[in-house]
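Participant: Before we start, here is the structure in question, set down as structure tokens.
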Amino acid sequence: MGDAVVSAGEPVLRIRDVCKSYRRRPVLRGVSLDLRAGQLVGIVGENGAGKSTLLRILVGDLAADRGVVERVGVLGSCPQDAVLHQAFSVDQHLRFFQAAYGMAGLDRAFELLEQLHFSSYRNERVAALSGGTRQKLNLVLALMHDPQVLLLDEPYQGFDWETYLRFWDLAAALRDRGCAVLVVSHLAYDASRLDTLYRLQAGVLQETEQTGSEAVPV
Amino acid sequence: MTRWWSCFRTALRFALIEQARNRLALLIVVLFVPLWATLAFTVVARTPLRFRIRSVGRTVVMDGNIVVQINGALQALSLVIAFMMFVATARSALFDQRLVRAGYPRSCLALAKCTALVLVSVLVAAYATAWMRLFWRPEQPWLLAAGMFTGALIYGGIGIVLAAVLRSELAGMFLAIMISSIDLVLQNPLVNPNADSPVVRFLPACAAVQTSVTAGGLQVVPTSCLLLGMGWAVGMTALGMAAFAVRTRTHRPRTTQGNLAGVEQAAPVP
């Protein structure tokens, strides 16, 4: 899978002066950010601030008008809307992505299913799953290959409180394994769980002050 | 086994599962084809109709109910295959994009879709031919199946193309019905006594209709018709696959094998 050896603290994602406009409406006006191995970073911003646009550029869905994006290591990404196939079961999704990632086995994926408490749904088709369970599968597909850079767009939407807490435990565990995690959301509860929190405002990324366990107003 | 083959086998298996899960399409095939074959053969008048087979330069005279049955079977197949391929392509568009981004070889996904189209077309064409054979004896049953297969393949390709340019399933099906109606109604000698007009040869299913009617009443193989039909099928499928390639393209950020610390000059994002 082309894994690169990355030491903790080394930059794994470098974003420099990324700009993007839709027609004449500028959305990103020179976004710059360094993401390091073993770092858990959050980006908050109002609806329509350009968070998803930035993530789409980082994963390669969208081309930036200007700027530089460099990455070291294997990427995992969890899109905002669960991108799944209605016709396939949870297990079939895992098999498909096993082939995509070129993985030998699915041990890590099954471990994640256990951690998110939905192993019992393995044979269920996506069409029969609740919104929250689909989001869990959406997340597992992003994590199952042990990426070194993980980009999560509103990853906990639809989660109940218990799952929400489990998500943060999982994110912390990934950080401890040396994964660089970037969480994008329209609001950030538990900002204290993040190493750094940025606010995307008027197309520019600014570091914010941490506000403990409270929500960060956007 | 190489990774490519392993990915292709996985993609093909899932493409077939996807088609098998389209219960409405399967129901239409299983019930509608025999219903049409029965109604067309028993209700339509047997009045002999003349049909010009342009590629072999001969005119065949067949019972009207048989010609209408052939034409109607082709319309049923074309619509159902267009529907199946449209739905499969449209519903998996974002999922395919995610798979490609995750590293799935795009060629495997594209080839698996084409192979699934061929396999489904073979099955459906054989099924329709078997039903028609219950009512009358075509001169060349295999050629009749080949004609049905060609029609199914062409409209499967049209379904893929429509899915690439339209977002709404309703719009896709509406367009498929309109195209198929114009195409096959104009080639029905019962509806259009001038069905051998030179303009008709430019319609997508012309080769399929000509091949199928030849199979019903003559002992010759219209090679040029078969080739024309294959040309349409390959052309449509290639267009659909080109659209698939465009839709699943990625703008990969620059990736580095070492570390980023020492990188001063970097390439701009395309």
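If you're wondering about the labels, chains in the structure tokens are A, B, ... by order shown, residues count from 1 in each chain, ligands from 1 in order shown.
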What's around A:Gly102 at 9 Å? Count only C-alpha atoms, leave out sequence neighbours fewer than 2 positions away in its own chain, and write the answer as a PyMOL selection string.
Facilitator: (chain A and resi 1+97-100+104+145) or (chain B and resi 3+7+103-104)
Participant: Chain A residues within 9 Å of chain B, counting only C-alpha atoms: which ones, as a VMD selection string?
Facilitator: chain A and resid 1 to 6 10 to 14 18 57 to 73 75 to 77 83 to 88 92 95 to 97 99 to 102 142
Participant: Report, in Å with one decimal, the straight-line distance from atom CA of A:Val181 to atom CA of A:Asp195.
Facilitator: 10.0 Å
Participant: Stretch 122-196 of chain A: which residues are strand (DSSP E or B) by DSSP, as a VMD selection string?
Facilitator: chain A and resid 125 149 to 153 180 to 185 188 196
Participant: Skip B:Thr129 itself and residues of its chain fewer than 3 positions away, then list as a count of residues only all residues within 6 Å of it, counting only C-alpha atoms.
Facilitator: 3
Participant: I need the residues of chain A that end up classed as alpha helix (DSSP H) by DSSP on the backbone, written out as an MDAnalysis selection string.
Facilitator: chainID A and resid 51:59 90:101 107:115 131:143 161:176
Participant: Atom CA of B:Thr211 and atom CA of B:Ser224, how far apart in Å?
Facilitator: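 Between these atoms lies a distance of 9.5 Å.
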Participant: In Å to one decimal, how far is atom CA of B:Ile158 from atom CA of B:Val209?
Facilitator: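 Going from atom CA of B:Val209 over to atom CA of B:Ile158, I get 16.7 Å.
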Participant: Could you give me, as an MDAnalysis selection string, the residues within 9 Å of B:Ala15, counting only C-alpha atoms and dropping anything in the same chain fewer than 6 positions from it?
Facilitator: chainID B and resid 88 109 112:113 115:116
Participant: Applying 8 Å and only C-alpha atoms, which residues near B:Ala90 remain after dropping the ones on its own chain fewer than 5 positions away? List them as a list in words.
Facilitator: Ala163, Ala164, Arg167 and Glu169 of chain B
Participant: Output N, CA and C atoms for every residue in that selection, as a short mmCIF file (atom, residue, chain, number, x, y, z; two decimals), in the first residue's frame.
Facilitator:
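Result saved to selection.cif:
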data_model
loop_
_atom_site.label_atom_id
_atom_site.label_comp_id
_atom_site.auth_asym_id
_atom_site.auth_seq_id
_atom_site.Cartn_x
_atom_site.Cartn_y
_atom_site.Cartn_z
N ALA B 163 -26.87 7.33 -17.54
CA ALA B 163 -26.54 7.47 -16.12
C ALA B 163 -25.38 8.43 -15.90
N ALA B 164 -24.53 8.54 -16.93
CA ALA B 164 -23.37 9.42 -16.79
C ALA B 164 -23.75 10.88 -16.93
N ARG B 167 -28.90 12.80 -13.50
CA ARG B 167 -28.87 12.45 -12.08
C ARG B 167 -30.17 11.76 -11.64
N GLU B 169 -33.32 9.32 -11.73
CA GLU B 169 -33.69 8.02 -12.30
C GLU B 169 -34.91 8.16 -13.20
#
Participant: Counting only C-alpha atoms, figure out which residue out of B:Leu184, B:Thr214, B:Ile70, B:Arg23 gets nearest to B:Val200.
Facilitator: B:Leu184
Participant: Please identify all polymer residues within 8 Å of stretch 166-174 of chain A, counting only C-alpha atoms, omitting same-chain residues fewer than 5 positions from it, and present them as a PyMOL selection string.
Facilitator: chain A and resi 38+40+115-116+156+179-181+193
Participant: Write a file of the just-selected residues containing N, CA and C atoms, as an mmCIF file, in the first residue's frame.
Facilitator:
data_model
loop_
_atom_site.group_PDB
_atom_site.id
_atom_site.type_symbol
_atom_site.label_atom_id
_atom_site.label_comp_id
_atom_site.auth_asym_id
_atom_site.auth_seq_id
_atom_site.Cartn_x
_atom_site.Cartn_y
_atom_site.Cartn_z
ATOM 1 N N GLY A 38 0.634 11.682 14.844
ATOM 2 C CA GLY A 38 0.282 11.641 16.261
ATOM 3 C C GLY A 38 -0.396 12.908 16.745
ATOM 4 N N LEU A 40 -3.993 15.275 16.762
ATOM 5 C CA LEU A 40 -5.447 15.269 16.552
ATOM 6 C C LEU A 40 -5.889 16.721 16.437
ATOM 7 N N GLN A 115 -15.421 -2.350 18.317
ATOM 8 C CA GLN A 115 -15.255 -1.117 19.091
ATOM 9 C C GLN A 115 -16.458 -0.196 18.944
ATOM 10 N N LEU A 116 -17.046 -0.199 17.747
ATOM 11 C CA LEU A 116 -18.207 0.669 17.521
ATOM 12 C C LEU A 116 -19.527 -0.059 17.761
ATOM 13 N N TYR A 156 -19.149 12.256 13.320
ATOM 14 C CA TYR A 156 -20.039 11.718 14.356
ATOM 15 C C TYR A 156 -21.495 12.119 14.170
ATOM 16 N N CYS A 179 -1.132 8.062 14.149
ATOM 17 C CA CYS A 179 -1.925 8.541 13.009
ATOM 18 C C CYS A 179 -2.205 10.038 13.182
ATOM 19 N N ALA A 180 -2.142 10.769 12.092
ATOM 20 C CA ALA A 180 -2.503 12.185 12.121
ATOM 21 C C ALA A 180 -3.975 12.282 11.769
ATOM 22 N N VAL A 181 -4.761 12.852 12.688
ATOM 23 C CA VAL A 181 -6.217 12.875 12.487
ATOM 24 C C VAL A 181 -6.692 14.315 12.354
ATOM 25 N N ARG A 193 -10.366 17.635 23.716
ATOM 26 C CA ARG A 193 -9.846 16.352 23.204
ATOM 27 C C ARG A 193 -8.895 16.570 22.029
#
